[in-house]
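Heads up, run_1.cif below (mmCIF, C-alpha atoms):
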```cif
data_my_file
#
loop_
_atom_site.group_PDB
_atom_site.id
_atom_site.type_symbol
_atom_site.label_atom_id
_atom_site.label_comp_id
_atom_site.auth_asym_id
_atom_site.auth_seq_id
_atom_site.Cartn_x
_atom_site.Cartn_y
_atom_site.Cartn_z
ATOM 1 C CA MET C 1 0.000 0.000 0.000
ATOM 2 C CA GLY C 2 2.812 2.402 0.833
ATOM 3 C CA ALA C 3 4.551 1.703 -2.486
ATOM 4 C CA VAL C 4 1.342 2.492 -4.411
ATOM 5 C CA ARG C 5 0.924 5.805 -2.617
ATOM 6 C CA ALA C 6 4.541 6.757 -3.272
ATOM 7 C CA ALA C 7 4.121 5.938 -6.976
ATOM 8 C CA LEU C 8 1.005 8.131 -7.172
ATOM 9 C CA ILE C 9 2.840 11.068 -5.598
ATOM 10 C CA VAL C 10 5.756 10.723 -8.040
ATOM 11 C CA ALA C 11 3.378 10.521 -11.005
ATOM 12 C CA ALA C 12 1.483 13.646 -9.871
ATOM 13 C CA VAL C 13 4.689 15.655 -9.463
ATOM 14 C CA MET C 14 5.980 14.629 -12.891
ATOM 15 C CA ALA C 15 2.634 15.473 -14.540
ATOM 16 C CA PHE C 16 2.545 18.963 -13.001
ATOM 17 C CA PHE C 17 6.211 19.530 -13.876
ATOM 18 C CA TYR C 18 5.678 18.841 -17.570
ATOM 19 C CA ALA C 19 2.278 20.565 -17.710
ATOM 20 C CA VAL C 20 3.390 23.986 -16.430
ATOM 21 C CA PRO C 21 5.894 25.623 -18.827
ATOM 22 C CA ALA C 22 8.900 27.534 -17.578
ATOM 23 C CA ALA C 23 8.408 31.254 -17.048
ATOM 24 C CA SER C 24 11.535 32.079 -19.037
ATOM 25 C CA GLY C 25 10.133 30.362 -22.142
ATOM 26 C CA SER C 26 7.410 32.958 -22.692
ATOM 27 C CA PRO C 27 8.128 36.582 -23.694
ATOM 28 C CA ARG C 28 7.574 39.287 -21.129
ATOM 29 C CA ALA C 29 4.364 41.315 -21.338
ATOM 30 C CA TYR C 30 4.833 45.087 -21.119
ATOM 31 C CA GLY C 31 1.088 45.758 -21.303
ATOM 32 C CA ARG C 32 -2.291 44.110 -21.614
ATOM 33 C CA GLU C 33 -2.072 43.685 -25.400
ATOM 34 C CA LEU C 34 0.638 43.965 -28.035
ATOM 35 C CA VAL C 35 -1.032 46.097 -30.719
ATOM 36 C CA ALA C 36 1.876 46.711 -33.142
ATOM 37 C CA GLN C 37 5.481 45.687 -33.877
ATOM 38 C CA HIS C 38 7.774 47.750 -36.060
ATOM 39 C CA ARG C 39 11.140 46.741 -37.468
ATOM 40 C CA LEU C 40 12.919 49.830 -38.669
ATOM 41 C CA PRO C 41 13.918 49.859 -42.356
ATOM 42 C CA ALA C 42 17.472 48.987 -43.326
ATOM 43 C CA GLU C 43 18.238 52.540 -44.533
ATOM 44 C CA THR C 44 17.172 53.965 -41.145
ATOM 45 C CA VAL C 45 19.331 51.441 -39.270
ATOM 46 C CA ALA C 46 22.251 52.317 -41.566
ATOM 47 C CA ARG C 47 21.856 56.001 -40.719
ATOM 48 C CA TYR C 48 21.847 55.132 -37.006
ATOM 49 C CA ALA C 49 25.021 53.043 -37.445
ATOM 50 C CA ALA C 50 26.739 55.845 -39.321
ATOM 51 C CA LEU C 51 25.765 58.330 -36.639
ATOM 52 C CA ALA C 52 27.191 56.025 -33.944
ATOM 53 C CA THR C 53 30.501 55.751 -35.827
ATOM 54 C CA ALA C 54 30.912 59.489 -36.469
ATOM 55 C CA PRO C 55 34.416 60.774 -35.625
ATOM 56 C CA GLN C 56 34.871 62.244 -32.165
ATOM 57 C CA ARG C 57 36.331 65.690 -31.495
ATOM 58 C CA ALA C 58 38.915 66.526 -28.864
ATOM 59 C CA ASP C 59 36.264 67.825 -26.445
ATOM 60 C CA GLY C 60 34.452 64.468 -26.523
ATOM 61 C CA SER C 61 31.588 65.495 -28.827
ATOM 62 C CA ARG C 62 31.039 63.905 -32.203
ATOM 63 C CA GLU C 63 31.193 65.656 -35.534
ATOM 64 C CA ARG C 64 27.843 66.591 -36.987
ATOM 65 C CA VAL C 65 26.473 64.238 -39.617
ATOM 66 C CA PRO C 66 24.753 66.048 -42.516
ATOM 67 C CA TRP C 67 21.529 64.035 -42.167
ATOM 68 C CA ALA C 68 21.547 63.846 -38.336
ATOM 69 C CA ASP C 69 18.396 65.951 -38.150
ATOM 70 C CA GLU C 70 16.699 63.436 -40.435
ATOM 71 C CA SER C 71 17.346 60.491 -38.112
ATOM 72 C CA LEU C 72 13.869 60.861 -36.641
ATOM 73 C CA TRP C 73 11.755 57.852 -37.626
ATOM 74 C CA VAL C 74 7.940 58.118 -37.715
ATOM 75 C CA GLY C 75 5.883 54.953 -37.907
ATOM 76 C CA PRO C 76 2.500 54.307 -39.491
ATOM 77 C CA PRO C 77 -0.529 55.959 -37.822
ATOM 78 C CA GLN C 78 -2.904 53.978 -35.632
ATOM 79 C CA THR C 79 -6.095 54.636 -33.668
ATOM 80 C CA VAL C 80 -5.685 54.971 -29.894
ATOM 81 C CA GLY C 81 -7.891 55.754 -26.893
ATOM 82 C CA GLY C 82 -11.340 54.401 -26.180
ATOM 83 C CA GLY C 83 -10.505 52.499 -22.948
ATOM 84 C CA ARG C 84 -7.208 51.092 -24.237
ATOM 85 C CA ASN C 85 -4.912 53.489 -22.322
ATOM 86 C CA PRO C 86 -2.074 53.709 -21.480
ATOM 87 C CA TYR C 87 0.208 53.083 -24.462
ATOM 88 C CA THR C 88 3.834 52.043 -23.958
ATOM 89 C CA LEU C 89 6.717 51.920 -26.437
ATOM 90 C CA VAL C 90 9.382 49.226 -25.972
ATOM 91 C CA LEU C 91 12.667 49.619 -27.895
ATOM 92 C CA THR C 92 15.091 46.769 -28.597
ATOM 93 C CA VAL C 93 18.479 47.511 -30.209
ATOM 94 C CA SER C 94 20.864 44.780 -31.365
ATOM 95 C CA GLY C 95 24.476 45.146 -32.485
ATOM 96 C CA VAL C 96 28.109 44.247 -31.946
ATOM 97 C CA ALA C 97 30.502 45.803 -29.453
ATOM 98 C CA LYS C 98 33.366 47.552 -31.252
ATOM 99 C CA ALA C 99 35.827 47.267 -28.363
ATOM 100 C CA ALA C 100 35.959 45.896 -24.856
ATOM 101 C CA GLY C 101 34.304 48.205 -22.363
ATOM 102 C CA ASP C 102 30.983 49.951 -21.819
ATOM 103 C CA ILE C 103 28.190 50.468 -24.342
ATOM 104 C CA ARG C 104 26.110 53.631 -24.009
ATOM 105 C CA THR C 105 23.242 54.798 -26.189
ATOM 106 C CA GLN C 106 20.729 57.632 -25.894
ATOM 107 C CA TRP C 107 17.333 57.551 -27.575
ATOM 108 C CA ARG C 108 14.109 59.509 -27.616
ATOM 109 C CA THR C 109 10.686 57.967 -28.192
ATOM 110 C CA GLY C 110 7.275 59.546 -28.471
ATOM 111 C CA TRP C 111 4.179 60.117 -30.532
ATOM 112 C CA GLU C 112 3.061 62.268 -33.414
ATOM 113 C CA VAL C 113 -0.495 63.217 -32.452
ATOM 114 C CA ARG C 114 -2.864 64.350 -35.206
ATOM 115 C CA GLU C 115 -4.955 67.123 -33.693
ATOM 116 C CA SER C 116 -6.823 67.910 -36.917
ATOM 117 C CA PRO C 117 -6.652 66.945 -40.590
ATOM 118 C CA VAL C 118 -4.062 69.671 -41.159
ATOM 119 C CA SER C 119 -2.173 69.942 -37.822
ATOM 120 C CA THR C 120 -0.034 67.523 -35.807
ATOM 121 C CA ARG C 121 1.754 67.700 -32.469
ATOM 122 C CA GLU C 122 4.967 65.880 -31.510
ATOM 123 C CA VAL C 123 5.583 64.460 -28.012
ATOM 124 C CA LEU C 124 9.162 63.184 -27.537
ATOM 125 C CA MET C 125 10.620 61.911 -24.232
ATOM 126 C CA PRO C 126 14.118 60.626 -23.397
ATOM 127 C CA LEU C 127 14.499 56.872 -23.068
ATOM 128 C CA ALA C 128 16.803 55.817 -20.228
ATOM 129 C CA GLY C 129 18.524 52.533 -19.408
ATOM 130 C CA LEU C 130 19.699 51.428 -22.862
ATOM 131 C CA SER C 131 23.334 50.642 -21.974
ATOM 132 C CA SER C 132 25.595 47.800 -20.888
ATOM 133 C CA THR C 133 28.850 47.492 -18.926
ATOM 134 C CA VAL C 134 31.973 45.305 -19.247
ATOM 135 C CA VAL C 135 31.385 43.919 -22.732
ATOM 136 C CA ALA C 136 34.063 42.017 -24.675
ATOM 137 C CA ALA C 137 35.121 43.212 -28.104
ATOM 138 C CA GLY C 138 33.051 41.691 -30.913
ATOM 139 C CA ALA C 139 30.342 40.432 -28.529
ATOM 140 C CA GLU C 140 26.752 40.481 -29.787
ATOM 141 C CA VAL C 141 24.549 42.690 -27.614
ATOM 142 C CA SER C 142 20.773 43.103 -27.408
ATOM 143 C CA LEU C 143 19.471 45.979 -25.284
ATOM 144 C CA THR C 144 15.820 46.635 -24.340
ATOM 145 C CA ALA C 145 14.327 49.748 -22.746
ATOM 146 C CA ILE C 146 10.741 50.679 -21.830
ATOM 147 C CA GLY C 147 9.334 54.106 -22.575
ATOM 148 C CA THR C 148 7.009 56.212 -20.447
ATOM 149 C CA PRO C 149 3.320 55.156 -20.637
ATOM 150 C CA VAL C 150 1.114 57.785 -22.306
ATOM 151 C CA SER C 151 -2.681 58.105 -22.158
ATOM 152 C CA PHE C 152 -4.762 59.827 -24.844
ATOM 153 C CA ARG C 153 -8.069 61.611 -24.347
ATOM 154 C CA GLY C 154 -10.646 60.224 -26.726
ATOM 155 C CA GLU C 155 -10.006 58.335 -29.941
ATOM 156 C CA ARG C 156 -7.499 59.857 -32.322
ATOM 157 C CA GLN C 157 -4.779 59.011 -34.834
ATOM 158 C CA VAL C 158 -1.193 58.848 -33.573
ATOM 159 C CA ALA C 159 2.114 57.526 -34.949
ATOM 160 C CA PRO C 160 5.091 56.201 -32.917
ATOM 161 C CA MET C 161 8.369 58.145 -33.185
ATOM 162 C CA LEU C 162 12.021 57.205 -32.555
ATOM 163 C CA ASN C 163 15.202 59.240 -32.624
ATOM 164 C CA LEU C 164 18.843 58.350 -31.889
ATOM 165 C CA VAL C 165 20.676 61.010 -29.882
ATOM 166 C CA ALA C 166 24.065 59.363 -29.280
ATOM 167 C CA ALA C 167 25.732 55.947 -29.303
ATOM 168 C CA HIS C 168 29.097 54.751 -27.993
ATOM 169 C CA ASN C 169 30.972 51.495 -28.742
ATOM 170 C CA LEU C 170 28.070 49.848 -30.558
ATOM 171 C CA ASP C 171 27.730 48.888 -34.214
ATOM 172 C CA ILE C 172 23.918 48.922 -34.584
ATOM 173 C CA SER C 173 22.531 46.150 -36.786
ATOM 174 C CA ASP C 174 18.814 45.888 -35.923
ATOM 175 C CA VAL C 175 16.156 48.054 -34.229
ATOM 176 C CA HIS C 176 12.676 46.914 -33.117
ATOM 177 C CA LEU C 177 9.876 49.032 -31.640
ATOM 178 C CA GLN C 178 6.785 47.503 -29.978
ATOM 179 C CA VAL C 179 3.517 49.249 -29.095
ATOM 180 C CA TRP C 180 1.693 47.891 -26.026
ATOM 181 C CA SER C 181 -1.814 48.853 -24.917
ATOM 182 C CA GLY C 182 -3.137 48.756 -21.342
ATOM 183 C CA SER C 183 -1.407 48.104 -18.047
ATOM 184 C CA ALA C 184 0.902 45.134 -17.669
ATOM 185 C CA PRO C 185 -0.521 42.278 -15.549
ATOM 186 C CA MET C 186 0.903 41.788 -12.076
ATOM 187 C CA ILE C 187 1.388 38.031 -12.691
ATOM 188 C CA ALA C 188 2.081 36.761 -16.212
ATOM 189 C CA TRP C 189 0.513 33.305 -16.626
ATOM 190 C CA PRO C 190 2.183 31.296 -19.405
ATOM 191 C CA ALA C 191 -0.007 29.941 -22.162
ATOM 192 C CA LEU C 192 -0.847 26.234 -22.012
ATOM 193 C CA SER C 193 -0.718 23.994 -25.064
ATOM 194 C CA ALA C 194 -3.348 21.388 -25.958
ATOM 195 C CA SER C 195 -1.508 18.500 -24.243
ATOM 196 C CA ARG C 196 -0.877 20.320 -20.975
ATOM 197 C CA PRO C 197 -4.493 20.279 -19.708
ATOM 198 C CA ALA C 198 -4.437 16.485 -20.026
ATOM 199 C CA LEU C 199 -1.278 16.323 -17.935
ATOM 200 C CA LEU C 200 -2.868 18.580 -15.329
ATOM 201 C CA GLY C 201 -5.882 16.281 -15.166
ATOM 202 C CA LEU C 202 -3.649 13.232 -14.794
ATOM 203 C CA GLY C 203 -1.784 14.874 -11.929
ATOM 204 C CA ALA C 204 -5.074 15.743 -10.201
ATOM 205 C CA LEU C 205 -6.289 12.133 -10.535
ATOM 206 C CA CYS C 206 -3.049 10.837 -9.028
ATOM 207 C CA LEU C 207 -3.407 13.177 -6.069
ATOM 208 C CA LEU C 208 -7.045 12.097 -5.580
ATOM 209 C CA GLY C 209 -6.063 8.424 -5.623
ATOM 210 C CA TRP C 210 -3.282 9.033 -3.107
ATOM 211 C CA PHE C 211 -5.693 10.831 -0.788
ATOM 212 C CA CYS C 212 -8.277 8.017 -0.989
ATOM 213 C CA LEU C 213 -5.683 5.331 -0.248
ATOM 214 C CA ARG C 214 -4.391 7.336 2.675
ATOM 215 C CA ARG C 215 -7.864 7.649 4.219
ATOM 216 C CA THR C 216 -8.623 3.918 3.800
ATOM 217 C CA ALA C 217 -5.282 2.850 5.303
ATOM 218 C CA ARG C 218 -5.506 5.077 8.382
ATOM 219 C CA PRO C 219 -8.322 3.171 10.278
ATOM 220 C CA THR C 220 -6.513 -0.173 9.800
ATOM 221 C CA GLU C 221 -3.368 1.193 11.344
ATOM 222 C CA LEU C 222 -5.226 2.724 14.292
ATOM 223 C CA SER C 223 -7.434 -0.343 15.057
ATOM 224 C CA ALA C 224 -4.588 -2.594 16.251
ATOM 225 C CA PRO C 225 -5.468 -4.142 19.675
ATOM 226 C CA ALA C 226 -3.699 -2.609 22.604
ATOM 227 C CA ALA C 227 -3.024 -6.056 24.178
ATOM 228 C CA THR C 228 -0.540 -6.977 21.468
ATOM 229 C CA ARG C 229 1.594 -3.965 22.225
ATOM 230 C CA PRO C 230 4.318 -4.753 24.802
ATOM 231 C CA PRO C 231 4.165 -2.604 27.938
ATOM 232 C CA GLU C 232 6.808 -0.018 28.460
ATOM 233 C CA PRO C 233 9.765 -0.784 30.786
ATOM 234 C CA GLU C 234 8.495 1.640 33.448
ATOM 235 C CA LEU C 235 5.079 -0.019 33.460
ATOM 236 C CA GLN C 236 6.624 -3.491 33.804
ATOM 237 C CA GLU C 237 8.736 -2.375 36.743
ATOM 238 C CA LEU C 238 5.728 -0.805 38.485
ATOM 239 C CA LEU C 239 3.612 -3.957 38.058
ATOM 240 C CA ALA C 240 6.398 -6.191 39.401
ATOM 241 C CA HIS C 241 6.900 -3.987 42.452
ATOM 242 C CA ARG C 242 3.179 -3.996 43.196
ATOM 243 C CA ALA C 243 2.926 -7.795 42.936
ATOM 244 C CA ALA C 244 5.916 -8.244 45.311
ATOM 245 C CA SER C 245 4.429 -5.884 47.885
ATOM 246 C CA GLU C 246 1.139 -7.808 47.871
ATOM 247 C CA ARG C 247 2.895 -11.166 48.451
ATOM 248 C CA ALA C 248 5.173 -9.986 51.315
ATOM 249 C CA PRO C 249 3.800 -10.242 54.966
ATOM 250 C CA LEU C 250 3.234 -7.105 56.933
ATOM 251 C CA SER C 251 6.159 -6.445 59.333
ATOM 252 C CA ASN C 252 4.408 -3.915 61.587
ATOM 253 C CA PRO C 253 0.780 -4.881 61.872
ATOM 254 C CA ALA C 254 -1.511 -2.139 63.025
ATOM 255 C CA PRO C 255 -2.906 -2.504 66.646
ATOM 256 C CA PRO C 256 -6.453 -3.771 66.904
ATOM 257 C CA THR C 257 -9.067 -1.133 67.357
ATOM 258 C CA GLN C 258 -10.696 -0.957 70.801
ATOM 259 C CA GLU C 259 -14.446 -1.032 71.014
ATOM 260 C CA PRO C 260 -15.981 1.926 72.879
ATOM 261 C CA ASP C 261 -17.331 1.434 76.488
ATOM 262 C CA HIS C 262 -21.139 1.517 76.218
ATOM 263 C CA ASP C 263 -21.697 2.069 80.042
ATOM 264 C CA HIS C 264 -19.538 5.192 80.014
ATOM 265 C CA VAL C 265 -21.416 6.559 77.026
ATOM 266 C CA SER C 266 -24.795 5.939 78.677
ATOM 267 C CA ARG C 267 -23.694 7.732 81.893
ATOM 268 C CA VAL C 268 -22.549 10.782 79.925
ATOM 269 C CA VAL C 269 -25.822 10.940 78.029
ATOM 270 C CA SER C 270 -27.862 10.643 81.315
ATOM 271 C CA SER C 271 -25.885 13.459 82.964
ATOM 272 C CA LEU C 272 -26.389 15.757 80.024
ATOM 273 C CA ARG C 273 -30.148 15.078 80.075
ATOM 274 C CA ASP C 274 -30.406 15.918 83.834
ATOM 275 C CA VAL C 275 -28.512 19.173 83.340
ATOM 276 C CA LEU C 276 -30.674 20.224 80.432
ATOM 277 C CA THR C 277 -33.981 19.396 82.225
ATOM 278 C CA ALA C 278 -33.395 20.328 85.938
ATOM 279 C CA GLY C 279 -30.444 22.670 85.759
ATOM 280 C CA LEU C 280 -27.448 22.724 88.065
ATOM 281 C CA ALA C 281 -28.385 22.282 91.817
ATOM 282 C CA VAL C 282 -25.893 24.154 94.054
ATOM 283 C CA PRO C 283 -26.608 24.085 97.864
ATOM 284 C CA THR C 284 -26.302 27.387 99.729
ATOM 285 C CA GLU C 285 -24.197 27.422 102.947
ATOM 286 C CA LEU C 286 -23.676 30.402 105.267
ATOM 287 C CA ASP C 287 -20.247 31.449 106.441
ATOM 288 C CA LYS C 288 -20.604 31.804 110.218
ATOM 289 C CA THR C 289 -17.059 33.110 110.765
ATOM 290 C CA ARG C 290 -17.754 36.302 108.817
ATOM 291 C CA PRO C 291 -19.121 39.149 111.002
ATOM 292 C CA GLY C 292 -22.522 40.439 110.120
ATOM 293 C CA ARG C 293 -23.194 43.920 108.755
ATOM 294 C CA PRO C 294 -24.623 46.463 111.267
ATOM 295 C CA ARG C 295 -28.171 47.520 110.723
ATOM 296 C CA SER C 296 -28.664 51.160 109.814
ATOM 297 C CA ARG C 297 -30.809 53.290 112.104
ATOM 298 C CA ARG C 298 -33.256 55.660 110.650
ATOM 299 C CA ARG C 299 -33.901 59.015 112.275
ATOM 300 C CA ALA C 300 -37.429 59.914 113.027
ATOM 301 C CA LEU C 301 -38.246 63.224 111.603
#
```
What does this structure look like when you write it as structure tokens?
Amino acid sequence: MGAVRAALIVAAVMAFFYAVPAASGSPRAYGRELVAQHRLPAETVARYAALATAPQRADGSRERVPWADESLWVGPPQTVGGGRNPYTLVLTVSGVAKAAGDIRTQWRTGWEVRESPVSTREVLMPLAGLSSTVVAAGAEVSLTAIGTPVSFRGERQVAPMLNLVAAHNLDISDVHLQVWSGSAPMIAWPALSASRPALLGLGALCLLGWFCLRRTARPTELSAPAATRPPEPELQELLAHRAASERAPLSNPAPPTQEPDHDHVSRVVSSLRDVLTAGLAVPTELDKTRPGRPRSRRRAL
């Protein structure tokens, strides 16, 4: 019975282990819904790479590239708002480290908001955290940064925007921009495939069988007669000492009890009855040796 229960436990654990996928196997969710993915064109990535490799002046600043002002990328327009706020931009940059050391990049992301058919408004914000430290020369690097969530009032047309400000020690080869809608869930539950629900059911059945066997085996183990259990050493010693004391003769027998004297009891009871009925009789005797008191004489008025 114990071997069957152990086998059921092992089977349940294995079923749950293979049914639940690893958290690292699923991509991270930066919002409630991924509404758009943009891979920047090759000519835009080439401009970013050329800007990152621009020669550096003595004061640490880079020489101006003729088309640096045109490095701003604007994506296709999309409809936002209507209970789908906020919107978050997630940037992923891939490349190769030029030399051993730190990689630092500066980007700006934002939105081009269409206020009317003829007017637009640009909202650009700096993107922080897109850097890496202690990288070997020639190592492939992939950096990801999350932009500031933005909410829009009412439904309108907007377009994502991206701009490279500066880059150090990175040969940029690929740039991706994702658009997420809604707030990110607190707990990301991985998606289950078609075979995983069956494994979950099998694990639940194994646990149910183990529980049933455990409940049926418990009364049998507890119903063992107490007479078959050997007494403890202390109990054996106490029983032996009691049996020896009962068999041994008494060395100091107690003196026999004396019966009470019935005549003495009857006399006491009779005296108490006379006192209660007649009272104490005390004879009065005069003391003749004591001189008498003189009689007082009264004057006649």
Checklist line | Long-range neighbours of range 147-164 of chain C as an NGL selection string, 7 Å cut-off, only C-alpha atoms, 3 positions minimum in chain | finding: :C and (48 or 71-82 or 85-90 or 106-114 or 127)
Note to self: Residues within 8 Å of (34.3, 45.9, -21.7), file coordinates, counting all atoms listed in the file: what are they? Give the list as a ChimeraX atom specification.
What the structure shows: /C:99-102,133-137
Store the residues picked out above in a file with C-alpha atoms, as a short mmCIF file (atom, residue, chain, number, x, y, z; two decimals), keeping the file's coordinate frame.
```cif
data_model
loop_
_atom_site.label_atom_id
_atom_site.label_comp_id
_atom_site.auth_asym_id
_atom_site.auth_seq_id
_atom_site.Cartn_x
_atom_site.Cartn_y
_atom_site.Cartn_z
CA ALA C 99 35.83 47.27 -28.36
CA ALA C 100 35.96 45.90 -24.86
CA GLY C 101 34.30 48.20 -22.36
CA ASP C 102 30.98 49.95 -21.82
CA THR C 133 28.85 47.49 -18.93
CA VAL C 134 31.97 45.30 -19.25
CA VAL C 135 31.38 43.92 -22.73
CA ALA C 136 34.06 42.02 -24.68
CA ALA C 137 35.12 43.21 -28.10
#
```
Next item on the list: Using all atoms listed in the file, find the one residue out of C:Asn169, C:Ser142, C:Thr92, C:Gln178 that sits nearest to Arg104 in chain C.
Entry: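 Among the listed residues, the smallest separation from Arg104 in chain C belongs to C:Asn169.
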Next item on the list: For each of C:Val165, C:Val96, C:Val141, C:Ala243, take the minimum atom-to-atom distance to Pro126 in chain C, counting only C-alpha atoms, then give the residue where this is smallest.
Entry: C:Val165
Note to self: Applying 7 Å and all atoms listed in the file, which residues near range 8-15 of chain C remain after dropping the ones on its own chain fewer than 3 positions away? List them as a list of chain:residue names.
What the structure shows: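 Skipping anything fewer than 3 positions along the chain leaves C:Val4, C:Arg5, C:Tyr18, C:Ala19, C:Leu199, C:Leu200, C:Leu202, C:Gly203, C:Ala204, C:Cys206, C:Leu207, C:Trp210.
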Note to self: Counting only C-alpha atoms, which residue out of C:Arg121, C:Gln37, C:Ala167, C:Ala128 sits closest to Ala52 in chain C?
What the structure shows: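 Smallest distance to Ala52 in chain C is found for C:Ala167.
For the pair CA of Cys212 in chain C and CA of Ala6 in chain C, the separation is 13.1 Å.
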Notebook entry, point to check: Which neighbours of Leu34 in chain C fall inside 7 Å, counting all atoms listed in the file, when residues of the same chain fewer than 4 positions from it are skipped, and could you give them as a ChimeraX atom specification?
Noted result: /C:179-181
Note to self: Going by the chain IDs and residue numbers used in this file, which residues fall under the PyMOL selection byres ((chain C and resi 40-47) around 8)? Write them as number ranges by chain.
What the structure shows: C: 38-39, 48-51, 71, 73, 172-177
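Take CA of Gly95 in chain C and CA of Ala166 in chain C: the distance between them is 14.6 Å.
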Note to self: Quick check, in Å to one decimal: how far apart do CA of Glu122 in chain C and CA of Leu143 in chain C lie?
What the structure shows: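 Between these atoms lies a distance of 25.4 Å.
The smallest atom-to-atom distance between Pro185 in chain C and any of C:Gly31, C:Ser119, C:Glu246, C:Ala7, using only C-alpha atoms, is found for C:Gly31.
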Checklist line | Among listed residues C:Thr105, C:Ser116, C:Ser183, C:Thr216, nearest Glu33 in chain C (using only C-alpha atoms) | finding: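 Under the stated criterion, the closest residue is C:Ser183.
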